[in-house]
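Next comes protein-v9.tsv, with TSV, C-alpha atoms.
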```tsv
chain	number	residue	atom	x	y	z
B	25	MET	CA	-18.64	-8.98	9.80
B	26	LEU	CA	-15.73	-7.30	8.05
B	27	SER	CA	-13.43	-8.14	10.95
B	28	MET	CA	-14.57	-11.77	10.83
B	29	HIS	CA	-13.74	-12.07	7.12
B	30	ALA	CA	-10.44	-10.24	7.61
B	31	GLY	CA	-9.48	-12.66	10.38
B	32	TRP	CA	-10.17	-15.77	8.32
B	33	ILE	CA	-8.34	-14.32	5.32
B	34	LEU	CA	-5.29	-13.55	7.46
B	35	ILE	CA	-5.29	-17.12	8.74
B	36	PHE	CA	-5.66	-18.52	5.23
B	37	VAL	CA	-2.72	-16.57	3.78
B	38	ALA	CA	-0.54	-16.84	6.91
B	39	ARG	CA	2.97	-18.12	6.36
B	40	ASN	CA	4.28	-17.68	9.90
B	41	LEU	CA	3.14	-17.70	13.51
B	42	ALA	CA	2.84	-13.91	13.73
B	43	ALA	CA	0.33	-13.82	10.86
B	44	LEU	CA	-1.68	-16.65	12.42
B	45	LEU	CA	-1.80	-14.81	15.74
B	46	ALA	CA	-2.86	-11.60	13.98
B	47	GLY	CA	-5.71	-13.43	12.24
B	48	ARG	CA	-6.77	-15.02	15.49
B	49	ALA	CA	-6.74	-11.63	17.23
B	50	VAL	CA	-9.00	-10.12	14.55
B	51	LEU	CA	-11.36	-13.10	14.84
B	52	GLY	CA	-11.37	-12.65	18.60
B	53	LEU	CA	-12.47	-9.05	18.10
B	54	ALA	CA	-15.29	-10.17	15.80
B	55	MET	CA	-16.43	-12.86	18.24
B	56	GLY	CA	-16.29	-10.43	21.16
B	57	ILE	CA	-18.57	-8.00	19.34
B	58	THR	CA	-20.95	-10.80	18.33
B	59	VAL	CA	-21.44	-12.30	21.78
B	60	LEU	CA	-21.93	-8.82	23.24
B	61	VAL	CA	-24.42	-7.46	20.70
B	62	ASN	CA	-26.41	-10.62	19.96
B	63	PRO	CA	-27.96	-11.11	23.47
B	64	ILE	CA	-28.73	-7.39	23.77
B	65	TYR	CA	-30.46	-7.35	20.37
B	66	LEU	CA	-32.57	-10.39	21.19
B	67	ALA	CA	-33.45	-9.10	24.66
B	68	GLU	CA	-34.80	-5.90	23.09
B	69	THR	CA	-36.83	-7.61	20.36
B	70	VAL	CA	-38.35	-10.91	21.53
B	71	LEU	CA	-41.22	-11.44	23.97
B	72	PRO	CA	-40.25	-11.96	27.64
B	73	GLU	CA	-41.47	-15.57	27.62
B	74	LEU	CA	-39.14	-16.36	24.68
B	75	ARG	CA	-36.15	-14.21	25.60
B	76	GLY	CA	-34.17	-16.95	27.31
B	77	SER	CA	-34.50	-19.59	24.59
B	78	SER	CA	-33.89	-17.04	21.84
B	79	THR	CA	-30.67	-15.84	23.44
B	80	LEU	CA	-29.47	-19.41	23.93
B	81	THR	CA	-29.46	-19.89	20.15
B	82	LEU	CA	-26.07	-18.14	20.21
B	83	GLN	CA	-24.70	-20.83	22.52
B	84	LEU	CA	-26.24	-23.43	20.21
B	85	ALA	CA	-24.40	-21.89	17.24
B	86	VAL	CA	-21.15	-21.87	19.24
B	87	SER	CA	-21.67	-25.55	20.10
B	88	VAL	CA	-22.17	-26.38	16.42
B	89	GLY	CA	-18.97	-24.49	15.60
B	90	ILE	CA	-17.02	-26.40	18.27
B	91	CYS	CA	-18.26	-29.72	16.87
B	92	VAL	CA	-17.26	-28.73	13.33
B	93	SER	CA	-13.83	-27.46	14.38
B	94	TYR	CA	-13.11	-30.55	16.51
B	95	GLY	CA	-14.28	-32.92	13.78
B	96	GLY	CA	-12.62	-31.04	10.94
B	97	GLY	CA	-9.42	-30.66	12.92
B	98	ILE	CA	-8.72	-34.39	12.62
B	99	ASP	CA	-8.26	-34.43	8.85
B	100	LEU	CA	-8.56	-30.85	7.57
B	101	THR	CA	-5.82	-28.23	7.51
B	102	TYR	CA	-6.28	-24.87	9.18
B	103	ARG	CA	-6.55	-23.28	5.73
B	104	SER	CA	-9.51	-25.51	4.87
B	105	LEU	CA	-11.17	-24.53	8.14
B	106	ALA	CA	-10.50	-20.87	7.32
B	107	VAL	CA	-12.34	-21.28	3.99
B	108	LEU	CA	-15.25	-22.89	5.82
B	109	GLY	CA	-15.33	-20.07	8.36
B	110	THR	CA	-15.33	-17.48	5.60
B	111	CYS	CA	-18.28	-19.15	3.88
B	112	VAL	CA	-20.29	-19.31	7.10
B	113	GLY	CA	-19.48	-15.69	7.84
B	114	GLY	CA	-20.57	-14.73	4.31
B	115	VAL	CA	-23.99	-16.33	4.77
B	116	TYR	CA	-24.31	-14.62	8.15
B	117	GLY	CA	-23.43	-11.26	6.62
B	118	VAL	CA	-26.01	-11.58	3.84
B	119	LEU	CA	-28.77	-12.52	6.31
B	120	LEU	CA	-27.98	-9.47	8.44
B	121	PHE	CA	-29.34	-7.20	5.71
B	122	ALA	CA	-32.83	-8.49	6.57
B	123	VAL	CA	-32.42	-7.72	10.28
B	124	PRO	CA	-33.88	-4.35	11.44
B	125	GLU	CA	-32.72	-2.23	14.33
B	126	THR	CA	-34.63	-2.84	17.56
B	127	PRO	CA	-37.84	-0.89	18.28
B	128	ARG	CA	-36.25	0.36	21.50
B	129	TRP	CA	-33.31	1.81	19.53
B	130	TYR	CA	-35.60	3.61	17.09
B	131	LEU	CA	-37.61	5.08	19.95
B	132	TRP	CA	-34.43	6.08	21.78
B	133	LYS	CA	-33.29	7.96	18.65
B	134	GLY	CA	-36.65	9.69	18.28
B	135	LYS	CA	-37.68	7.67	15.21
B	136	ARG	CA	-41.06	6.63	16.56
B	137	GLU	CA	-42.67	5.69	13.24
B	138	GLN	CA	-39.91	3.23	12.36
B	139	GLY	CA	-39.98	1.85	15.90
B	140	VAL	CA	-43.73	1.21	15.74
B	141	GLN	CA	-43.41	-0.45	12.34
B	142	VAL	CA	-40.63	-2.77	13.49
B	143	LEU	CA	-42.47	-3.67	16.70
B	144	ARG	CA	-45.64	-4.56	14.80
B	145	ARG	CA	-43.59	-6.59	12.34
B	146	LEU	CA	-41.84	-8.49	15.11
B	147	ARG	CA	-45.05	-9.19	17.05
B	148	GLY	CA	-46.86	-10.52	13.98
B	149	GLY	CA	-50.27	-11.79	15.04
B	150	SER	CA	-50.37	-10.03	18.43
B	151	ASP	CA	-53.43	-7.86	19.02
B	152	SER	CA	-53.08	-4.08	18.73
B	153	ARG	CA	-53.79	-3.50	22.43
B	154	SER	CA	-50.84	-5.62	23.62
B	155	ILE	CA	-48.55	-3.94	21.10
B	156	ASP	CA	-49.72	-0.50	22.22
B	157	ASP	CA	-49.22	-1.44	25.86
B	158	GLU	CA	-45.69	-2.64	25.15
B	159	LEU	CA	-44.95	0.51	23.16
B	160	THR	CA	-46.25	2.69	25.98
B	161	ALA	CA	-44.12	0.88	28.59
B	162	ILE	CA	-40.98	1.25	26.47
B	163	GLU	CA	-41.61	4.94	25.78
B	164	LYS	CA	-42.32	5.67	29.44
B	165	ARG	CA	-39.07	4.07	30.54
B	166	LEU	CA	-37.05	5.77	27.81
B	167	GLN	CA	-38.52	9.14	28.77
B	168	GLU	CA	-37.38	8.59	32.35
B	169	GLU	CA	-33.89	7.63	31.22
B	170	SER	CA	-33.51	10.31	28.55
B	171	LYS	CA	-33.66	13.09	31.09
B	172	GLU	CA	-29.93	12.69	31.57
B	173	THR	CA	-27.04	10.88	29.94
B	174	PHE	CA	-25.15	8.35	32.00
B	175	ARG	CA	-22.61	9.87	34.38
B	176	LEU	CA	-19.95	8.17	36.46
B	177	ALA	CA	-21.64	9.54	39.55
B	178	GLU	CA	-24.54	7.15	38.87
B	179	PHE	CA	-22.44	4.14	39.83
B	180	HIS	CA	-23.63	4.57	43.42
B	181	LEU	CA	-27.28	4.12	42.40
B	182	PRO	CA	-28.75	0.68	43.23
B	183	HIS	CA	-30.20	0.09	39.76
B	184	ILE	CA	-26.70	0.63	38.33
B	185	TYR	CA	-24.27	-1.04	40.71
B	186	ARG	CA	-26.46	-4.01	41.70
B	187	PRO	CA	-26.91	-5.44	38.19
B	188	MET	CA	-23.33	-4.50	37.25
B	189	LEU	CA	-21.83	-6.37	40.22
B	190	MET	CA	-24.05	-9.39	39.59
B	191	SER	CA	-23.22	-9.44	35.88
B	192	ILE	CA	-19.49	-9.20	36.57
B	193	ALA	CA	-19.77	-11.99	39.14
B	194	LEU	CA	-21.50	-14.30	36.65
B	195	MET	CA	-18.79	-13.55	34.06
B	196	LEU	CA	-16.08	-14.36	36.62
B	197	PHE	CA	-17.82	-17.62	37.54
B	198	GLN	CA	-18.10	-18.55	33.87
B	199	VAL	CA	-14.35	-18.15	33.41
B	200	TRP	CA	-12.93	-19.36	36.71
B	201	SER	CA	-15.12	-22.44	36.83
B	202	GLY	CA	-12.67	-23.52	34.13
B	203	ALA	CA	-15.05	-24.34	31.27
B	204	LEU	CA	-13.20	-22.47	28.53
B	205	ALA	CA	-9.84	-23.88	29.58
B	206	ILE	CA	-11.20	-27.43	29.87
B	207	THR	CA	-12.81	-27.13	26.41
B	208	ILE	CA	-9.49	-26.00	24.92
B	209	TYR	CA	-7.34	-28.47	26.84
B	210	ALA	CA	-9.79	-31.41	26.71
B	211	ALA	CA	-7.59	-33.49	24.41
B	212	THR	CA	-4.55	-32.78	26.60
B	213	ILE	CA	-6.47	-33.79	29.72
B	214	PHE	CA	-7.42	-37.09	28.08
B	215	ASP	CA	-3.82	-37.59	26.90
B	216	ASN	CA	-2.58	-37.12	30.46
B	217	ALA	CA	-5.21	-39.64	31.60
B	218	GLY	CA	-3.52	-42.28	29.41
B	219	PHE	CA	-5.61	-42.25	26.23
B	220	SER	CA	-4.03	-42.52	22.79
B	221	ASP	CA	-4.00	-39.47	20.51
B	222	ARG	CA	-6.71	-40.87	18.26
B	223	LYS	CA	-8.92	-41.92	21.16
B	224	SER	CA	-8.42	-38.53	22.84
B	225	ALA	CA	-9.56	-36.78	19.67
B	226	LEU	CA	-12.66	-38.99	19.34
B	227	VAL	CA	-13.59	-38.57	23.01
B	228	THR	CA	-13.18	-34.80	22.66
B	229	ILE	CA	-15.51	-34.77	19.64
B	230	GLY	CA	-18.00	-36.79	21.68
B	231	ALA	CA	-17.83	-34.14	24.41
B	232	ALA	CA	-18.57	-31.41	21.86
B	233	ILE	CA	-21.56	-33.33	20.52
B	234	LEU	CA	-22.86	-33.80	24.08
B	235	GLN	CA	-22.57	-30.03	24.66
B	236	LEU	CA	-24.57	-29.43	21.50
B	237	LEU	CA	-27.37	-31.79	22.58
B	238	ILE	CA	-27.58	-30.34	26.11
B	239	THR	CA	-27.62	-26.79	24.75
B	240	PHE	CA	-30.48	-27.71	22.44
B	241	ALA	CA	-32.42	-29.22	25.35
B	242	THR	CA	-31.81	-26.07	27.40
B	243	LEU	CA	-33.72	-24.02	24.82
B	244	PHE	CA	-36.91	-25.64	26.17
B	245	LEU	CA	-35.98	-25.26	29.84
B	246	VAL	CA	-34.67	-21.75	30.43
B	247	ASP	CA	-38.00	-19.95	29.97
B	248	ARG	CA	-40.03	-22.69	31.62
B	249	HIS	CA	-37.99	-23.25	34.78
B	250	GLY	CA	-36.07	-19.98	35.00
B	251	ARG	CA	-32.44	-18.90	35.15
B	252	ARG	CA	-31.77	-19.54	38.83
B	253	PRO	CA	-32.70	-23.27	38.93
B	254	LEU	CA	-30.62	-23.98	35.83
B	255	LEU	CA	-27.60	-22.14	37.25
B	256	MET	CA	-27.85	-23.99	40.56
B	257	VAL	CA	-28.08	-27.34	38.77
B	258	THR	CA	-25.17	-26.26	36.59
B	259	GLY	CA	-22.97	-25.32	39.54
B	260	SER	CA	-23.82	-28.50	41.44
B	261	GLY	CA	-23.15	-30.75	38.45
B	262	MET	CA	-19.85	-29.03	37.65
B	263	ALA	CA	-18.75	-29.28	41.29
B	264	VAL	CA	-19.46	-33.02	41.34
B	265	ALA	CA	-17.63	-33.50	38.02
B	266	CYS	CA	-14.57	-31.56	39.21
B	267	THR	CA	-14.52	-33.56	42.44
B	268	LEU	CA	-14.60	-36.84	40.50
B	269	MET	CA	-11.79	-35.63	38.23
B	270	ALA	CA	-9.74	-34.60	41.28
B	271	VAL	CA	-10.24	-38.04	42.82
B	272	PHE	CA	-9.05	-39.68	39.61
B	273	ALA	CA	-6.02	-37.39	39.42
B	274	PHE	CA	-5.00	-38.18	43.01
B	275	ILE	CA	-5.44	-41.92	42.36
B	276	GLN	CA	-3.38	-41.66	39.18
B	277	ASP	CA	-0.62	-39.86	41.08
B	278	GLU	CA	-0.51	-42.79	43.49
B	279	LEU	CA	-0.82	-45.66	41.00
B	280	GLY	CA	0.73	-44.06	37.90
B	281	SER	CA	-0.28	-45.32	34.46
B	282	SER	CA	-1.89	-48.41	36.00
B	283	ALA	CA	-4.94	-46.31	36.92
B	284	LYS	CA	-7.00	-47.20	33.84
B	285	THR	CA	-10.62	-46.11	34.15
B	286	THR	CA	-13.41	-44.31	32.32
B	287	LEU	CA	-13.72	-41.83	35.19
B	288	PRO	CA	-12.02	-38.97	33.26
B	289	ILE	CA	-14.50	-39.37	30.40
B	290	VAL	CA	-17.47	-39.46	32.77
B	291	SER	CA	-16.16	-36.46	34.70
B	292	ILE	CA	-15.44	-34.23	31.70
B	293	TYR	CA	-18.70	-35.21	29.98
B	294	LEU	CA	-20.68	-34.45	33.15
B	295	TYR	CA	-18.82	-31.17	33.56
B	296	LEU	CA	-19.45	-29.96	30.00
B	297	ALA	CA	-23.07	-31.12	30.07
B	298	ALA	CA	-23.71	-29.20	33.29
B	299	TYR	CA	-21.93	-26.13	31.92
B	300	SER	CA	-24.03	-26.16	28.75
B	301	LEU	CA	-27.20	-26.37	30.82
B	302	GLY	CA	-26.81	-22.90	32.30
B	303	LEU	CA	-23.46	-21.22	32.78
B	304	GLY	CA	-22.58	-21.27	29.08
B	305	MET	CA	-25.06	-18.56	28.08
B	306	ILE	CA	-27.10	-17.33	31.04
B	307	PRO	CA	-24.44	-14.77	32.11
B	308	TRP	CA	-24.80	-13.13	28.69
B	309	LEU	CA	-28.59	-13.33	28.90
B	310	PHE	CA	-28.54	-11.75	32.35
B	311	MET	CA	-26.27	-8.96	31.09
B	312	ALA	CA	-28.69	-8.20	28.25
B	313	GLU	CA	-31.70	-8.05	30.59
B	314	VAL	CA	-30.66	-6.00	33.58
B	315	PHE	CA	-29.04	-2.72	32.47
B	316	PRO	CA	-31.03	0.47	31.80
B	317	SER	CA	-30.89	1.68	28.21
B	318	HIS	CA	-28.89	4.84	28.83
B	319	ALA	CA	-26.13	2.85	30.58
B	320	LYS	CA	-26.36	-0.44	28.70
B	321	SER	CA	-23.47	0.09	26.29
B	322	LEU	CA	-20.98	1.06	29.01
B	323	LEU	CA	-22.06	-1.50	31.63
B	324	SER	CA	-22.27	-4.33	29.07
B	325	SER	CA	-18.80	-3.43	27.83
B	326	ILE	CA	-17.45	-3.54	31.38
B	327	SER	CA	-18.95	-7.01	31.95
B	328	ALA	CA	-17.74	-8.36	28.60
B	329	THR	CA	-14.26	-6.90	29.04
B	330	THR	CA	-14.05	-8.46	32.49
B	331	LEU	CA	-14.88	-11.84	31.00
B	332	TRP	CA	-12.41	-11.67	28.10
B	333	LEU	CA	-9.53	-10.41	30.22
B	334	ASN	CA	-10.09	-13.19	32.72
B	335	ALA	CA	-10.57	-15.72	29.90
B	336	PHE	CA	-7.16	-14.74	28.55
B	337	LEU	CA	-5.58	-15.18	31.97
B	338	MET	CA	-7.27	-18.53	32.54
B	339	THR	CA	-6.39	-20.04	29.16
B	340	ARG	CA	-2.88	-18.56	29.18
B	341	TYR	CA	-1.96	-19.84	32.62
B	342	PHE	CA	-4.18	-22.92	32.97
B	343	ALA	CA	-1.31	-25.29	32.18
B	344	GLU	CA	1.05	-23.49	34.59
B	345	MET	CA	-1.59	-23.44	37.33
B	346	THR	CA	-2.23	-27.16	36.82
B	347	GLU	CA	1.48	-27.88	37.04
B	348	ALA	CA	1.85	-25.81	40.21
B	349	LEU	CA	-1.25	-27.18	41.96
B	350	THR	CA	-1.18	-30.65	40.34
B	351	THR	CA	-4.14	-31.83	38.28
B	352	GLY	CA	-6.00	-32.94	41.39
B	353	GLY	CA	-5.41	-29.65	43.16
B	354	MET	CA	-6.56	-27.66	40.13
B	355	PHE	CA	-9.85	-29.54	39.94
B	356	VAL	CA	-10.40	-29.09	43.67
B	357	LEU	CA	-10.04	-25.33	43.10
B	358	LEU	CA	-12.53	-25.45	40.21
B	359	ALA	CA	-14.98	-27.44	42.37
B	360	ALA	CA	-14.74	-24.76	45.06
B	361	VAL	CA	-15.56	-22.05	42.51
B	362	CYS	CA	-18.60	-24.03	41.36
B	363	VAL	CA	-19.85	-24.36	44.95
B	364	LEU	CA	-19.42	-20.60	45.35
B	365	LEU	CA	-21.51	-20.15	42.19
B	366	VAL	CA	-24.38	-22.13	43.71
B	367	LEU	CA	-24.27	-19.98	46.86
B	368	PHE	CA	-24.19	-16.79	44.81
B	369	VAL	CA	-27.23	-17.81	42.78
B	370	LYS	CA	-29.18	-18.99	45.82
B	371	PHE	CA	-28.61	-15.92	47.99
B	372	VAL	CA	-27.98	-13.07	45.54
B	373	LEU	CA	-29.20	-13.53	41.98
B	374	PRO	CA	-32.84	-12.54	41.26
B	375	GLU	CA	-35.08	-14.42	38.82
B	376	THR	CA	-35.80	-12.65	35.53
B	377	LYS	CA	-37.95	-15.30	33.85
B	378	ASN	CA	-41.03	-14.00	31.97
B	379	LYS	CA	-40.40	-10.39	32.98
B	380	SER	CA	-40.22	-7.46	30.57
B	381	LEU	CA	-36.98	-5.50	30.55
B	382	GLU	CA	-38.77	-2.74	32.45
B	383	GLU	CA	-39.90	-5.20	35.14
B	384	VAL	CA	-36.38	-6.64	35.42
B	385	GLN	CA	-34.86	-3.20	35.90
B	386	ASP	CA	-37.52	-2.37	38.51
B	387	ILE	CA	-36.16	-5.22	40.64
B	388	PHE	CA	-32.89	-3.37	41.11
B	389	SER	CA	-34.45	0.05	41.62
B	390	GLY	CA	-36.76	-1.31	44.34
B	391	ARG	CA	-39.95	-0.59	42.39
B	392	SER	CA	-40.83	-4.21	41.62
B	393	PRO	CA	-44.13	-5.37	43.17
B	394	GLN	CA	-42.81	-8.93	43.21
B	395	ASN	CA	-40.22	-10.52	45.46
B	396	PRO	CA	-37.45	-11.75	43.11
B	397	TYR	CA	-35.93	-13.97	45.82
B	398	PRO	CA	-38.59	-16.65	46.44
B	399	GLU	CA	-36.63	-18.63	49.04
B	400	ARG	CA	-36.44	-15.53	51.28
B	401	LYS	CA	-40.18	-14.87	51.17
B	402	ASN	CA	-41.11	-16.66	54.39
B	403	ILE	CA	-38.27	-15.00	56.33
B	404	ALA	CA	-39.25	-11.58	55.03
B	405	LEU	CA	-42.93	-12.13	55.80
B	406	ALA	CA	-42.06	-13.14	59.35
B	407	LYS	CA	-40.17	-9.89	59.83
B	408	HIS	CA	-42.42	-7.48	57.94
B	409	GLY	CA	-45.83	-9.07	57.49
B	410	ASN	CA	-47.31	-8.54	54.04
B	411	THR	CA	-45.65	-5.17	53.44
B	412	VAL	CA	-44.22	-5.58	49.96
B	413	PRO	CA	-41.83	-2.57	50.05
B	414	ALA	CA	-40.37	-3.79	53.34
B	415	ILE	CA	-39.88	-7.27	51.89
B	416	GLN	CA	-38.24	-5.80	48.81
B	417	GLU	CA	-35.94	-3.57	50.87
B	418	ASP	CA	-34.96	-6.48	53.09
B	419	CYS	CA	-34.09	-8.63	50.07
B	420	ASN	CA	-32.22	-5.83	48.33
B	421	THR	CA	-30.17	-4.99	51.43
B	422	GLU	CA	-29.14	-8.61	51.81
B	423	CYS	CA	-28.43	-8.73	48.07
B	424	ASP	CA	-26.05	-5.76	48.37
B	425	ARG	CA	-24.14	-7.35	51.22
B	426	MET	CA	-23.82	-10.73	49.54
B	427	SER	CA	-22.90	-9.21	46.15
B	428	VAL	CA	-20.02	-7.19	47.55
B	429	PHE	CA	-18.82	-10.07	49.74
B	430	LEU	CA	-18.85	-12.69	46.99
B	431	ILE	CA	-17.27	-10.47	44.36
B	432	GLU	CA	-14.54	-9.36	46.77
B	433	THR	CA	-13.95	-13.05	47.53
B	434	ALA	CA	-13.76	-13.91	43.83
B	435	LEU	CA	-11.34	-11.07	43.12
```
Take the structure I supplied and represent it as structure tokens, if you would.
Amino acid sequence: MLSMHAGWILIFVARNLAALLAGRAVLGLAMGITVLVNPIYLAETVLPELRGSSTLTLQLAVSVGICVSYGGGIDLTYRSLAVLGTCVGGVYGVLLFAVPETPRWYLWKGKREQGVQVLRRLRGGSDSRSIDDELTAIEKRLQEESKETFRLAEFHLPHIYRPMLMSIALMLFQVWSGALAITIYAATIFDNAGFSDRKSALVTIGAAILQLLITFATLFLVDRHGRRPLLMVTGSGMAVACTLMAVFAFIQDELGSSAKTTLPIVSIYLYLAAYSLGLGMIPWLFMAEVFPSHAKSLLSSISATTLWLNAFLMTRYFAEMTEALTTGGMFVLLAAVCVLLVLFVKFVLPETKNKSLEEVQDIFSGRSPQNPYPERKNIALAKHGNTVPAIQEDCNTECDRMSVFLIETAL
């Protein structure tokens, strides 16, 4: 919180570009910490059947912030927006005093009494037996993990490298599908499509409002339908939108300014709506669910760092890449990445819906009694009969192969 306030204050008092960049860098640090810690905290505190929707509230807050910044940017100065950001951050900071550490953290630190108290407080009206069962499961897993601290040699273990590779892949798809760059350059894209400055600004605000509405709707879908279906719908919708935008760009190159159509608006709106449905937050949710406690801080940091480094590269060079490939070529590339996302989710990513963190981690260690890849079930049964371990091993082996192949392809 201190870094967030410091960033806004630097922006408010800035008198030159260097000071503005310094303030923005400090705010970037604050945002990076927030989006890393928030999903992990929620994953360790809420019930499995509410974990997805609870984590998506961060994306909802981001969508609200985008709407406010787009709308305020029309008439307000950056100093006025800095004051607004400071006020919001102040309220956030005050509310944090009422937020306890997670039960899992207390138990990890050997503070069992505080952990039990917090867990009972969080579960409210739950019966004592279910709370005791949850407490027992957490303690059992922590006892297994506390036997040794995380060592680099553990990277070869399936329950370490499988979730890490998948998490990194989702972060790469989130960036290189182009969503962040398109959000930042939306007004420029509409300007290049022939819209006036005022109309471009209004259309961009409309896109932000649409993202907000879709994100809100996703709160009721992610725990009901699961992560995989939403991500596949997301990738398909974004691929279609990028293809439409590429078609428009190629037509515009042929006809010039005479190519007046609403296709750019439809394409960008469809793209942002599809992105908000799944890819906007599910990579962060997945990251918070899959890592064992003793390695969570390091592996989460690796995933988050991968995202932010690639986000910098994408936003920094998006304009140059578009100029080199042409607008149509750039959107063809983004469509190809979105198709690759659908294939990755279909053949590699396991479902984590309604599973405790212990059950999720068992998927990667091979101890899960359930097949996390439903579409492979019939194939596995044909090969192995009803032998669950054989089915699991078959799925995990294929998962390893596909993970390495797709990530090497992305890199």
Could you list, as a PDB file with C-alpha atoms, in the frame of the given file, every residue within 9 Å of B:Ala319, counting only C-alpha atoms and ignoring same-chain residues fewer than 3 positions away?
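What landed in part_31.pdb:
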```pdb
ATOM      1  CA  THR B 173     -27.040  10.880  29.940  1.00  0.00           C
ATOM      2  CA  PHE B 174     -25.150   8.350  32.000  1.00  0.00           C
ATOM      3  CA  ARG B 175     -22.610   9.870  34.380  1.00  0.00           C
ATOM      4  CA  ILE B 184     -26.700   0.630  38.330  1.00  0.00           C
ATOM      5  CA  PHE B 315     -29.040  -2.720  32.470  1.00  0.00           C
ATOM      6  CA  PRO B 316     -31.030   0.470  31.800  1.00  0.00           C
ATOM      7  CA  LEU B 322     -20.980   1.060  29.010  1.00  0.00           C
ATOM      8  CA  LEU B 323     -22.060  -1.500  31.630  1.00  0.00           C
ATOM      9  CA  SER B 324     -22.270  -4.330  29.070  1.00  0.00           C
TER      10      SER B 324
END
```
B:Thr242 surroundings by all atoms listed in the file, 12 Å radius, close-in-sequence under 3 positions cut, as a PyMOL selection string: chain B and resi 76-81+83-84+235-239+245-251+253-255+258+297-306
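Interatomic distance, atom CA of B:Leu181 against atom CA of B:Gln198: 25.9 Å.
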Do you know which residues are at most 8 Å from stretch 381-383 of chain B counting only C-alpha atoms, after dropping those on the same chain fewer than 5 positions away, and could you put them as a list in words? Ala67, Glu68, Pro72, Ala161, Ile162, Arg165, Glu313, Val314 and Ser392 of chain B
From the list B:Phe336, B:Tyr293, B:Phe310, B:Trp200, which residue is nearest B:Val363 when using all atoms listed in the file? B:Trp200
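Comparing B:Thr267, B:Asn62, B:Ser291, B:Thr69 by their smallest distance to B:Ala231, the closest is B:Ser291 (using all atoms listed in the file).
Of the listed residues (B:Thr228, B:Thr126, B:Ser317, B:Thr376), B:Thr228 comes nearest to B:Val92; the distances count only C-alpha atoms.
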Please, what distance in Å, to one decimal, runs between atom CA of B:Thr339 and atom CA of B:Ser201? 11.9 Å
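Counting from atom CA of B:Glu158, the distance to atom CA of B:Gln141 is 13.2 Å.
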